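Have a look at query-v1.txt; it's compact mmCIF, N, CA and C atoms:
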# COMPACT_ATOMS: atom_id res chain seq x y z
N MET A 1 -11.07 7.04 -8.85
CA MET A 1 -10.22 6.77 -7.71
C MET A 1 -8.76 6.85 -8.15
N LYS A 2 -7.93 7.46 -7.30
CA LYS A 2 -6.49 7.59 -7.57
C LYS A 2 -5.71 6.65 -6.68
N ILE A 3 -4.81 5.91 -7.29
CA ILE A 3 -3.96 4.96 -6.58
C ILE A 3 -2.51 5.40 -6.72
N GLY A 4 -1.81 5.52 -5.59
CA GLY A 4 -0.38 5.81 -5.62
C GLY A 4 0.39 4.51 -5.58
N ILE A 5 1.50 4.46 -6.27
CA ILE A 5 2.31 3.24 -6.28
C ILE A 5 3.78 3.61 -6.28
N THR A 6 4.56 2.82 -5.56
CA THR A 6 6.00 3.03 -5.51
C THR A 6 6.70 1.69 -5.42
N SER A 7 7.98 1.72 -5.71
CA SER A 7 8.79 0.50 -5.57
C SER A 7 10.25 0.87 -5.41
N ASP A 8 11.01 -0.11 -4.98
CA ASP A 8 12.45 0.02 -5.07
C ASP A 8 12.87 -0.65 -6.38
N HIS A 9 14.15 -0.81 -6.57
CA HIS A 9 14.67 -1.40 -7.80
C HIS A 9 14.16 -2.82 -8.04
N ARG A 10 13.97 -3.59 -6.97
CA ARG A 10 13.49 -4.97 -7.15
C ARG A 10 12.03 -5.02 -7.57
N GLY A 11 11.27 -3.98 -7.25
CA GLY A 11 9.84 -3.99 -7.55
C GLY A 11 9.43 -3.32 -8.84
N VAL A 12 10.40 -2.83 -9.61
CA VAL A 12 10.09 -2.05 -10.82
C VAL A 12 9.25 -2.86 -11.81
N TYR A 13 9.60 -4.09 -12.06
CA TYR A 13 8.87 -4.89 -13.05
C TYR A 13 7.42 -5.11 -12.61
N LEU A 14 7.21 -5.55 -11.38
CA LEU A 14 5.85 -5.79 -10.90
C LEU A 14 5.06 -4.49 -10.85
N LYS A 15 5.71 -3.40 -10.45
CA LYS A 15 5.02 -2.10 -10.41
C LYS A 15 4.51 -1.72 -11.79
N SER A 16 5.36 -1.89 -12.80
CA SER A 16 4.95 -1.52 -14.16
C SER A 16 3.76 -2.37 -14.63
N SER A 17 3.75 -3.64 -14.27
CA SER A 17 2.64 -4.51 -14.60
C SER A 17 1.35 -4.08 -13.88
N LEU A 18 1.48 -3.71 -12.60
CA LEU A 18 0.31 -3.27 -11.83
C LEU A 18 -0.23 -1.93 -12.33
N ILE A 19 0.67 -1.03 -12.72
CA ILE A 19 0.22 0.26 -13.28
C ILE A 19 -0.62 0.01 -14.53
N GLU A 20 -0.13 -0.82 -15.42
CA GLU A 20 -0.86 -1.14 -16.65
C GLU A 20 -2.22 -1.76 -16.32
N TYR A 21 -2.25 -2.70 -15.40
CA TYR A 21 -3.48 -3.36 -14.99
C TYR A 21 -4.48 -2.35 -14.41
N LEU A 22 -4.02 -1.50 -13.50
CA LEU A 22 -4.91 -0.54 -12.84
C LEU A 22 -5.44 0.50 -13.82
N GLU A 23 -4.58 1.00 -14.69
CA GLU A 23 -5.03 2.00 -15.67
C GLU A 23 -6.03 1.38 -16.64
N HIS A 24 -5.80 0.15 -17.03
CA HIS A 24 -6.74 -0.55 -17.92
C HIS A 24 -8.10 -0.73 -17.23
N ALA A 25 -8.07 -0.89 -15.90
CA ALA A 25 -9.31 -1.05 -15.12
C ALA A 25 -9.99 0.29 -14.85
N GLY A 26 -9.37 1.40 -15.28
CA GLY A 26 -10.00 2.70 -15.15
C GLY A 26 -9.54 3.55 -13.98
N TYR A 27 -8.55 3.09 -13.25
CA TYR A 27 -8.03 3.87 -12.13
C TYR A 27 -6.98 4.87 -12.61
N LYS A 28 -6.92 6.01 -11.95
CA LYS A 28 -5.84 6.96 -12.17
C LYS A 28 -4.70 6.51 -11.27
N VAL A 29 -3.49 6.42 -11.83
CA VAL A 29 -2.35 5.93 -11.06
C VAL A 29 -1.26 7.01 -11.01
N VAL A 30 -0.75 7.24 -9.80
CA VAL A 30 0.36 8.16 -9.60
C VAL A 30 1.58 7.32 -9.23
N ASN A 31 2.62 7.41 -10.04
CA ASN A 31 3.84 6.64 -9.85
C ASN A 31 4.83 7.48 -9.04
N TYR A 32 5.17 7.03 -7.85
CA TYR A 32 6.10 7.73 -6.99
C TYR A 32 7.53 7.19 -7.12
N GLY A 33 7.79 6.42 -8.17
CA GLY A 33 9.15 5.95 -8.44
C GLY A 33 9.46 4.67 -7.69
N THR A 34 10.60 4.17 -7.88
CA THR A 34 11.64 4.43 -8.83
C THR A 34 11.27 3.78 -10.17
N ASP A 35 11.97 4.16 -11.19
CA ASP A 35 11.71 3.56 -12.50
C ASP A 35 12.98 2.95 -13.09
N THR A 36 13.87 2.55 -12.20
CA THR A 36 15.13 1.96 -12.63
C THR A 36 15.40 0.68 -11.86
N SER A 37 16.14 -0.20 -12.47
CA SER A 37 16.53 -1.42 -11.76
C SER A 37 17.87 -1.24 -11.05
N GLU A 38 18.42 -0.03 -11.11
CA GLU A 38 19.63 0.27 -10.33
C GLU A 38 19.26 0.37 -8.86
N SER A 39 20.13 -0.12 -8.01
CA SER A 39 19.88 -0.14 -6.57
C SER A 39 19.54 1.26 -6.04
N VAL A 40 18.46 1.33 -5.27
CA VAL A 40 18.02 2.58 -4.65
C VAL A 40 17.67 2.30 -3.19
N ASP A 41 17.55 3.36 -2.41
CA ASP A 41 17.16 3.24 -1.00
C ASP A 41 15.65 3.37 -0.89
N PHE A 42 14.99 2.26 -0.56
CA PHE A 42 13.52 2.22 -0.56
C PHE A 42 12.85 3.22 0.38
N PRO A 43 13.44 3.60 1.54
CA PRO A 43 12.70 4.53 2.41
C PRO A 43 12.36 5.86 1.74
N LYS A 44 13.21 6.30 0.83
CA LYS A 44 12.95 7.55 0.10
C LYS A 44 11.65 7.46 -0.70
N TYR A 45 11.41 6.32 -1.30
CA TYR A 45 10.21 6.13 -2.12
C TYR A 45 8.98 5.84 -1.26
N ALA A 46 9.21 5.16 -0.14
CA ALA A 46 8.12 4.94 0.81
C ALA A 46 7.59 6.28 1.32
N LEU A 47 8.51 7.18 1.64
CA LEU A 47 8.11 8.50 2.15
C LEU A 47 7.33 9.29 1.11
N LYS A 48 7.74 9.23 -0.15
CA LYS A 48 7.00 9.94 -1.20
C LYS A 48 5.56 9.44 -1.27
N LEU A 49 5.38 8.12 -1.27
CA LEU A 49 4.04 7.55 -1.31
C LEU A 49 3.26 7.91 -0.05
N GLY A 50 3.91 7.77 1.11
CA GLY A 50 3.24 8.08 2.37
C GLY A 50 2.73 9.51 2.41
N LYS A 51 3.55 10.44 1.95
CA LYS A 51 3.12 11.84 1.91
C LYS A 51 1.95 12.04 0.94
N GLY A 52 1.97 11.33 -0.18
CA GLY A 52 0.87 11.42 -1.14
C GLY A 52 -0.45 10.94 -0.57
N VAL A 53 -0.40 9.84 0.17
CA VAL A 53 -1.62 9.32 0.81
C VAL A 53 -2.05 10.25 1.93
N LYS A 54 -1.11 10.69 2.74
CA LYS A 54 -1.43 11.57 3.87
C LYS A 54 -2.09 12.87 3.40
N LYS A 55 -1.56 13.45 2.31
CA LYS A 55 -2.10 14.71 1.78
C LYS A 55 -3.36 14.49 0.95
N LYS A 56 -3.76 13.22 0.80
CA LYS A 56 -4.94 12.84 0.01
C LYS A 56 -4.79 13.16 -1.47
N SER A 57 -3.54 13.18 -1.94
CA SER A 57 -3.28 13.31 -3.38
C SER A 57 -3.71 12.03 -4.09
N VAL A 58 -3.71 10.92 -3.33
CA VAL A 58 -4.18 9.63 -3.82
C VAL A 58 -5.06 9.01 -2.74
N ASP A 59 -5.95 8.11 -3.14
CA ASP A 59 -6.86 7.48 -2.19
C ASP A 59 -6.21 6.34 -1.42
N TYR A 60 -5.43 5.53 -2.12
CA TYR A 60 -4.76 4.37 -1.53
C TYR A 60 -3.35 4.27 -2.09
N GLY A 61 -2.51 3.50 -1.38
CA GLY A 61 -1.15 3.31 -1.85
C GLY A 61 -0.76 1.86 -1.94
N ILE A 62 0.17 1.60 -2.85
CA ILE A 62 0.75 0.27 -3.06
C ILE A 62 2.27 0.45 -3.06
N ALA A 63 2.96 -0.34 -2.25
CA ALA A 63 4.42 -0.27 -2.18
C ALA A 63 4.99 -1.65 -2.45
N ILE A 64 6.05 -1.70 -3.23
CA ILE A 64 6.67 -2.97 -3.60
C ILE A 64 8.17 -2.90 -3.35
N CYS A 65 8.69 -3.88 -2.62
CA CYS A 65 10.14 -4.03 -2.47
C CYS A 65 10.42 -5.53 -2.42
N GLY A 66 11.65 -5.90 -2.18
CA GLY A 66 12.02 -7.31 -2.22
C GLY A 66 11.07 -8.20 -1.44
N THR A 67 10.80 -7.84 -0.20
CA THR A 67 9.89 -8.63 0.64
C THR A 67 8.58 -7.92 0.94
N GLY A 68 8.56 -6.61 0.80
CA GLY A 68 7.41 -5.80 1.23
C GLY A 68 7.56 -5.33 2.67
N ILE A 69 8.45 -5.96 3.41
CA ILE A 69 8.60 -5.66 4.83
C ILE A 69 9.21 -4.28 5.05
N GLY A 70 10.30 -3.99 4.37
CA GLY A 70 10.96 -2.70 4.55
C GLY A 70 10.05 -1.54 4.21
N MET A 71 9.36 -1.64 3.09
CA MET A 71 8.41 -0.58 2.70
C MET A 71 7.34 -0.42 3.78
N SER A 72 6.82 -1.53 4.28
CA SER A 72 5.78 -1.47 5.31
C SER A 72 6.28 -0.77 6.56
N ILE A 73 7.47 -1.12 7.01
CA ILE A 73 8.03 -0.49 8.20
C ILE A 73 8.18 1.01 7.97
N ALA A 74 8.78 1.39 6.85
CA ALA A 74 9.00 2.81 6.57
C ALA A 74 7.68 3.57 6.46
N LEU A 75 6.72 3.01 5.75
CA LEU A 75 5.43 3.69 5.56
C LEU A 75 4.69 3.88 6.88
N ASN A 76 4.80 2.90 7.76
CA ASN A 76 4.11 3.01 9.05
C ASN A 76 4.73 4.04 9.99
N LYS A 77 5.84 4.62 9.60
CA LYS A 77 6.44 5.73 10.37
C LYS A 77 5.81 7.07 9.99
N VAL A 78 5.07 7.11 8.88
CA VAL A 78 4.43 8.34 8.43
C VAL A 78 3.08 8.47 9.15
N ASP A 79 2.91 9.57 9.84
CA ASP A 79 1.68 9.83 10.58
C ASP A 79 0.46 9.68 9.66
N GLY A 80 -0.51 8.90 10.10
CA GLY A 80 -1.75 8.74 9.33
C GLY A 80 -1.70 7.63 8.29
N ILE A 81 -0.57 6.97 8.18
CA ILE A 81 -0.46 5.86 7.24
C ILE A 81 -0.61 4.55 8.00
N TYR A 82 -1.46 3.70 7.46
CA TYR A 82 -1.71 2.38 8.04
C TYR A 82 -1.46 1.37 6.95
N CYS A 83 -0.22 0.90 6.92
CA CYS A 83 0.24 0.01 5.85
C CYS A 83 0.25 -1.42 6.33
N ALA A 84 -0.37 -2.29 5.55
CA ALA A 84 -0.36 -3.73 5.84
C ALA A 84 0.52 -4.43 4.82
N LYS A 85 1.42 -5.25 5.30
CA LYS A 85 2.23 -6.09 4.43
C LYS A 85 1.37 -7.31 4.14
N ILE A 86 0.97 -7.49 2.89
CA ILE A 86 0.06 -8.58 2.55
C ILE A 86 0.73 -9.59 1.62
N SER A 87 0.26 -10.84 1.75
CA SER A 87 0.81 -11.93 0.94
C SER A 87 -0.26 -12.76 0.24
N ASN A 88 -1.54 -12.49 0.57
CA ASN A 88 -2.61 -13.27 -0.04
C ASN A 88 -3.90 -12.44 -0.09
N ILE A 89 -4.90 -12.98 -0.74
CA ILE A 89 -6.17 -12.26 -0.93
C ILE A 89 -6.90 -12.02 0.39
N SER A 90 -6.88 -13.01 1.27
CA SER A 90 -7.55 -12.86 2.56
C SER A 90 -6.98 -11.67 3.33
N GLU A 91 -5.66 -11.53 3.34
CA GLU A 91 -5.03 -10.40 4.03
C GLU A 91 -5.39 -9.08 3.36
N ALA A 92 -5.50 -9.09 2.04
CA ALA A 92 -5.88 -7.87 1.30
C ALA A 92 -7.28 -7.41 1.70
N VAL A 93 -8.18 -8.35 1.88
CA VAL A 93 -9.56 -8.04 2.26
C VAL A 93 -9.62 -7.60 3.73
N LEU A 94 -9.00 -8.39 4.60
CA LEU A 94 -9.12 -8.12 6.03
C LEU A 94 -8.40 -6.85 6.47
N CYS A 95 -7.32 -6.48 5.80
CA CYS A 95 -6.64 -5.24 6.20
C CYS A 95 -7.52 -4.03 5.92
N ARG A 96 -8.44 -4.13 4.98
CA ARG A 96 -9.40 -3.06 4.73
C ARG A 96 -10.60 -3.19 5.66
N LYS A 97 -11.22 -4.38 5.70
CA LYS A 97 -12.43 -4.58 6.50
C LYS A 97 -12.23 -4.27 7.97
N HIS A 98 -11.15 -4.77 8.54
CA HIS A 98 -10.94 -4.66 9.98
C HIS A 98 -10.03 -3.51 10.38
N ASN A 99 -8.99 -3.26 9.60
CA ASN A 99 -7.95 -2.30 10.01
C ASN A 99 -8.00 -0.98 9.27
N ASN A 100 -8.82 -0.90 8.24
CA ASN A 100 -8.95 0.33 7.45
C ASN A 100 -7.59 0.79 6.90
N ALA A 101 -6.76 -0.17 6.49
CA ALA A 101 -5.44 0.15 5.94
C ALA A 101 -5.61 1.04 4.72
N ASN A 102 -4.70 2.00 4.57
CA ASN A 102 -4.76 2.87 3.40
C ASN A 102 -3.60 2.62 2.43
N VAL A 103 -2.69 1.73 2.83
CA VAL A 103 -1.57 1.34 1.98
C VAL A 103 -1.31 -0.15 2.18
N VAL A 104 -0.90 -0.82 1.10
CA VAL A 104 -0.41 -2.19 1.22
C VAL A 104 1.00 -2.26 0.69
N ALA A 105 1.77 -3.17 1.28
CA ALA A 105 3.13 -3.44 0.81
C ALA A 105 3.17 -4.91 0.40
N ILE A 106 3.79 -5.16 -0.75
CA ILE A 106 3.88 -6.53 -1.24
C ILE A 106 5.31 -6.83 -1.70
N SER A 107 5.60 -8.11 -1.77
CA SER A 107 6.90 -8.57 -2.23
C SER A 107 6.99 -8.48 -3.74
N ALA A 108 8.16 -8.09 -4.21
CA ALA A 108 8.43 -8.04 -5.65
C ALA A 108 8.40 -9.44 -6.26
N ASP A 109 8.54 -10.46 -5.43
CA ASP A 109 8.62 -11.84 -5.93
C ASP A 109 7.26 -12.53 -6.04
N ILE A 110 6.20 -11.83 -5.69
CA ILE A 110 4.87 -12.44 -5.72
C ILE A 110 4.42 -12.63 -7.17
N ASN A 111 3.65 -13.67 -7.39
CA ASN A 111 3.09 -13.95 -8.71
C ASN A 111 2.25 -12.76 -9.19
N GLU A 112 2.45 -12.36 -10.44
CA GLU A 112 1.76 -11.19 -11.00
C GLU A 112 0.25 -11.27 -10.91
N GLU A 113 -0.31 -12.41 -11.26
CA GLU A 113 -1.77 -12.54 -11.23
C GLU A 113 -2.30 -12.47 -9.81
N LEU A 114 -1.59 -13.07 -8.87
CA LEU A 114 -1.99 -12.97 -7.47
C LEU A 114 -1.89 -11.53 -7.00
N ALA A 115 -0.82 -10.84 -7.38
CA ALA A 115 -0.67 -9.43 -7.00
C ALA A 115 -1.84 -8.60 -7.51
N LYS A 116 -2.22 -8.81 -8.75
CA LYS A 116 -3.36 -8.07 -9.32
C LYS A 116 -4.64 -8.34 -8.54
N SER A 117 -4.88 -9.60 -8.21
CA SER A 117 -6.08 -9.97 -7.45
C SER A 117 -6.06 -9.35 -6.06
N MET A 118 -4.90 -9.38 -5.41
CA MET A 118 -4.80 -8.81 -4.07
C MET A 118 -5.06 -7.30 -4.11
N ILE A 119 -4.49 -6.63 -5.08
CA ILE A 119 -4.66 -5.18 -5.18
C ILE A 119 -6.12 -4.83 -5.48
N GLU A 120 -6.73 -5.57 -6.38
CA GLU A 120 -8.15 -5.33 -6.70
C GLU A 120 -9.02 -5.49 -5.45
N LYS A 121 -8.78 -6.54 -4.68
CA LYS A 121 -9.55 -6.75 -3.44
C LYS A 121 -9.30 -5.63 -2.44
N PHE A 122 -8.04 -5.21 -2.32
CA PHE A 122 -7.70 -4.15 -1.39
C PHE A 122 -8.45 -2.86 -1.72
N ILE A 123 -8.44 -2.45 -2.98
CA ILE A 123 -9.04 -1.15 -3.31
C ILE A 123 -10.57 -1.19 -3.44
N THR A 124 -11.15 -2.38 -3.51
CA THR A 124 -12.61 -2.46 -3.64
C THR A 124 -13.30 -2.91 -2.36
N THR A 125 -12.54 -3.21 -1.32
CA THR A 125 -13.13 -3.65 -0.05
C THR A 125 -13.31 -2.45 0.87
N ALA A 126 -14.48 -2.35 1.46
CA ALA A 126 -14.78 -1.24 2.37
C ALA A 126 -14.48 -1.63 3.81
N PHE A 127 -14.15 -0.62 4.59
CA PHE A 127 -14.00 -0.79 6.04
C PHE A 127 -15.37 -1.15 6.61
N LEU A 128 -15.42 -2.10 7.55
CA LEU A 128 -16.70 -2.54 8.10
C LEU A 128 -17.36 -1.48 8.98
N ASN A 129 -16.61 -0.55 9.53
CA ASN A 129 -17.16 0.56 10.29
C ASN A 129 -18.06 0.10 11.44
N GLU A 130 -17.72 -1.03 12.03
CA GLU A 130 -18.44 -1.54 13.20
C GLU A 130 -17.72 -1.07 14.45
N GLU A 131 -18.47 -0.97 15.54
CA GLU A 131 -17.95 -0.40 16.78
C GLU A 131 -16.64 -1.05 17.21
N LYS A 132 -16.53 -2.37 17.16
CA LYS A 132 -15.30 -3.01 17.64
C LYS A 132 -14.09 -2.66 16.77
N TYR A 133 -14.29 -2.51 15.46
CA TYR A 133 -13.18 -2.15 14.58
C TYR A 133 -12.81 -0.68 14.73
N ILE A 134 -13.81 0.15 14.91
CA ILE A 134 -13.56 1.57 15.16
C ILE A 134 -12.77 1.73 16.45
N ARG A 135 -13.20 1.04 17.50
CA ARG A 135 -12.52 1.11 18.80
C ARG A 135 -11.06 0.67 18.68
N ARG A 136 -10.83 -0.45 18.01
CA ARG A 136 -9.47 -0.96 17.87
C ARG A 136 -8.59 -0.03 17.04
N ASN A 137 -9.15 0.51 15.98
CA ASN A 137 -8.38 1.45 15.16
C ASN A 137 -8.11 2.74 15.91
N ASP A 138 -9.05 3.18 16.73
CA ASP A 138 -8.82 4.35 17.58
C ASP A 138 -7.70 4.08 18.58
N MET A 139 -7.63 2.85 19.08
CA MET A 139 -6.54 2.49 20.00
C MET A 139 -5.19 2.56 19.29
N ILE A 140 -5.14 2.15 18.04
CA ILE A 140 -3.90 2.25 17.26
C ILE A 140 -3.52 3.71 17.07
N LYS A 141 -4.51 4.54 16.73
CA LYS A 141 -4.24 5.97 16.56
C LYS A 141 -3.73 6.59 17.86
N ASP A 142 -4.25 6.13 18.99
CA ASP A 142 -3.80 6.64 20.28
C ASP A 142 -2.33 6.27 20.51
N ILE A 143 -1.95 5.06 20.15
CA ILE A 143 -0.55 4.66 20.26
C ILE A 143 0.32 5.56 19.37
N GLU A 144 -0.16 5.82 18.16
CA GLU A 144 0.56 6.67 17.21
C GLU A 144 0.78 8.07 17.81
N GLU A 145 -0.23 8.59 18.45
CA GLU A 145 -0.17 9.95 18.96
C GLU A 145 0.52 10.08 20.31
N ASN A 146 0.39 9.05 21.14
CA ASN A 146 0.86 9.17 22.53
C ASN A 146 1.92 8.16 22.95
N GLY A 147 2.24 7.24 22.05
CA GLY A 147 3.28 6.27 22.36
C GLY A 147 2.90 5.19 23.31
For this file, write the structure as structure tokens.
Amino acid sequence: MKIGITSDHRGVYLKSSLIEYLEHAGYKVVNYGTDTSESVDFPKYALKLGKGVKKKSVDYGIAICGTGIGMSIALNKVDGIYCAKISNISEAVLCRKHNNANVVAISADINEELAKSMIEKFITTAFLNEEKYIRRNDMIKDIEENG
């Protein structure tokens, strides 16, 4: 499985820790930047990750910025990207089970061990594929396509 990951300047440290963790666990990781603590504009990096997920260059995406909110907003502007801003393990599980999210956004300030647990749950949890979740996700896709 291939995981794409990106961050802004505030998320560089946590991103590097997550890359090491994921590679040690056997995942292939694609780093979409940035790799500097100098201030950068996060939407540029969100778009790189979003395009990677959309083109299926990676299976799932992880985005990190100061709060996770900006990355989430930017990523959700990319057609076919369903990014959940998560803060705990329950949200990591439910965004996959119910919403079939393909990207998560997290805060750079989150505890490293919690971040690792959340990411592991996100990438190992399957979509429930039940009629009510399919229907609801189709309704979201309809909003995306038709406004």
When you draw a straight line from CA of Ser37 in chain A to CA of Tyr21 in chain A, how long is it in Å?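 CA of Tyr21 in chain A lies at a distance of 20.4 Å from CA of Ser37 in chain A.
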One decimal, Å: what's the distance from atom C of Ala101 in chain A over to atom C of Asp138 in chain A, could you say?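 These atoms are spaced 14.3 Å apart.
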Neighbours of Gly33 in chain A within 6.5 Å (all atoms listed in the file; same-chain residues fewer than 2 positions away dropped), as a VMD selection string? chain A and resid 5 to 8 30 to 31 35 45
Would you export the selected residues with N, CA and C atoms as a PDB file, in the coordinates of the input, please?
ATOM      1  N   ILE A   5       1.500   4.460  -6.270  1.00  0.00           N
ATOM      2  CA  ILE A   5       2.310   3.240  -6.280  1.00  0.00           C
ATOM      3  C   ILE A   5       3.780   3.610  -6.280  1.00  0.00           C
ATOM      4  N   THR A   6       4.560   2.820  -5.560  1.00  0.00           N
ATOM      5  CA  THR A   6       6.000   3.030  -5.510  1.00  0.00           C
ATOM      6  C   THR A   6       6.700   1.690  -5.420  1.00  0.00           C
ATOM      7  N   SER A   7       7.980   1.720  -5.710  1.00  0.00           N
ATOM      8  CA  SER A   7       8.790   0.500  -5.570  1.00  0.00           C
ATOM      9  C   SER A   7      10.250   0.870  -5.410  1.00  0.00           C
ATOM     10  N   ASP A   8      11.010  -0.110  -4.980  1.00  0.00           N
ATOM     11  CA  ASP A   8      12.450   0.020  -5.070  1.00  0.00           C
ATOM     12  C   ASP A   8      12.870  -0.650  -6.380  1.00  0.00           C
ATOM     13  N   VAL A  30      -0.750   7.240  -9.800  1.00  0.00           N
ATOM     14  CA  VAL A  30       0.360   8.160  -9.600  1.00  0.00           C
ATOM     15  C   VAL A  30       1.580   7.320  -9.230  1.00  0.00           C
ATOM     16  N   ASN A  31       2.620   7.410 -10.040  1.00  0.00           N
ATOM     17  CA  ASN A  31       3.840   6.640  -9.850  1.00  0.00           C
ATOM     18  C   ASN A  31       4.830   7.480  -9.040  1.00  0.00           C
ATOM     19  N   ASP A  35      11.970   4.160 -11.190  1.00  0.00           N
ATOM     20  CA  ASP A  35      11.710   3.560 -12.500  1.00  0.00           C
ATOM     21  C   ASP A  35      12.980   2.950 -13.090  1.00  0.00           C
ATOM     22  N   TYR A  45      11.410   6.320  -1.300  1.00  0.00           N
ATOM     23  CA  TYR A  45      10.210   6.130  -2.120  1.00  0.00           C
ATOM     24  C   TYR A  45       8.980   5.840  -1.260  1.00  0.00           C
TER      25      TYR A  45
END
Taking 6 positions as the minimum chain separation for residues in the same chain, which residues sit within 8 Å of Ile123 in chain A when counting only N, CA and C atoms? Answer as a PDB file with N, CA and C atoms, in the coordinates of the input.
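Final output, saved to result_30.pdb:
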ATOM      1  N   TYR A  60      -5.430   5.530  -2.120  1.00  0.00           N
ATOM      2  CA  TYR A  60      -4.760   4.370  -1.530  1.00  0.00           C
ATOM      3  C   TYR A  60      -3.350   4.270  -2.090  1.00  0.00           C
ATOM      4  N   ALA A  92      -5.500  -9.090   2.040  1.00  0.00           N
ATOM      5  CA  ALA A  92      -5.880  -7.870   1.300  1.00  0.00           C
ATOM      6  C   ALA A  92      -7.280  -7.410   1.700  1.00  0.00           C
ATOM      7  N   VAL A  93      -8.180  -8.350   1.880  1.00  0.00           N
ATOM      8  CA  VAL A  93      -9.560  -8.040   2.260  1.00  0.00           C
ATOM      9  C   VAL A  93      -9.620  -7.600   3.730  1.00  0.00           C
ATOM     10  N   ARG A  96      -8.440  -4.130   4.980  1.00  0.00           N
ATOM     11  CA  ARG A  96      -9.400  -3.060   4.730  1.00  0.00           C
ATOM     12  C   ARG A  96     -10.600  -3.190   5.660  1.00  0.00           C
ATOM     13  N   SER A 117      -4.880  -9.600  -8.210  1.00  0.00           N
ATOM     14  CA  SER A 117      -6.080  -9.970  -7.450  1.00  0.00           C
ATOM     15  C   SER A 117      -6.060  -9.350  -6.060  1.00  0.00           C
TER      16      SER A 117
END
Residues near range 53-56 of chain A, anyone? I mean within 6.5 Å using only N, CA and C atoms, not counting same-chain ones fewer than 4 positions away, as a compact mmCIF listing (two decimals) with N, CA and C atoms, in the frame of the given file.
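Writing done, so here's out_36.txt:
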# COMPACT_ATOMS: atom_id res chain seq x y z
N LYS A 48 7.74 9.23 -0.15
CA LYS A 48 7.00 9.94 -1.20
C LYS A 48 5.56 9.44 -1.27
N LEU A 49 5.38 8.12 -1.27
CA LEU A 49 4.04 7.55 -1.31
C LEU A 49 3.26 7.91 -0.05
N TYR A 60 -5.43 5.53 -2.12
CA TYR A 60 -4.76 4.37 -1.53
C TYR A 60 -3.35 4.27 -2.09
N GLY A 61 -2.51 3.50 -1.38
CA GLY A 61 -1.15 3.31 -1.85
C GLY A 61 -0.76 1.86 -1.94
N ASP A 79 2.91 9.57 9.84
CA ASP A 79 1.68 9.83 10.58
C ASP A 79 0.46 9.68 9.66
N GLY A 80 -0.51 8.90 10.10
CA GLY A 80 -1.75 8.74 9.33
C GLY A 80 -1.70 7.63 8.29
N ILE A 81 -0.57 6.97 8.18
CA ILE A 81 -0.46 5.86 7.24
C ILE A 81 -0.61 4.55 8.00
Rounded to one decimal place, report the CA of Lys2 in chain A-CA of Lys116 in chain A distance in Å. 16.1 Å
I need the residues in chain A that are alpha helix (DSSP H) according to DSSP; give them as number ranges by chain. A: 12-24, 42-54, 69-75, 89-97, 112-124, 131-146
All residues 6 Å or closer to range 109-114 of chain A, only N, CA and C atoms, same chain fewer than 4 positions away omitted, as a ChimeraX atom specification: /A:66,118-119
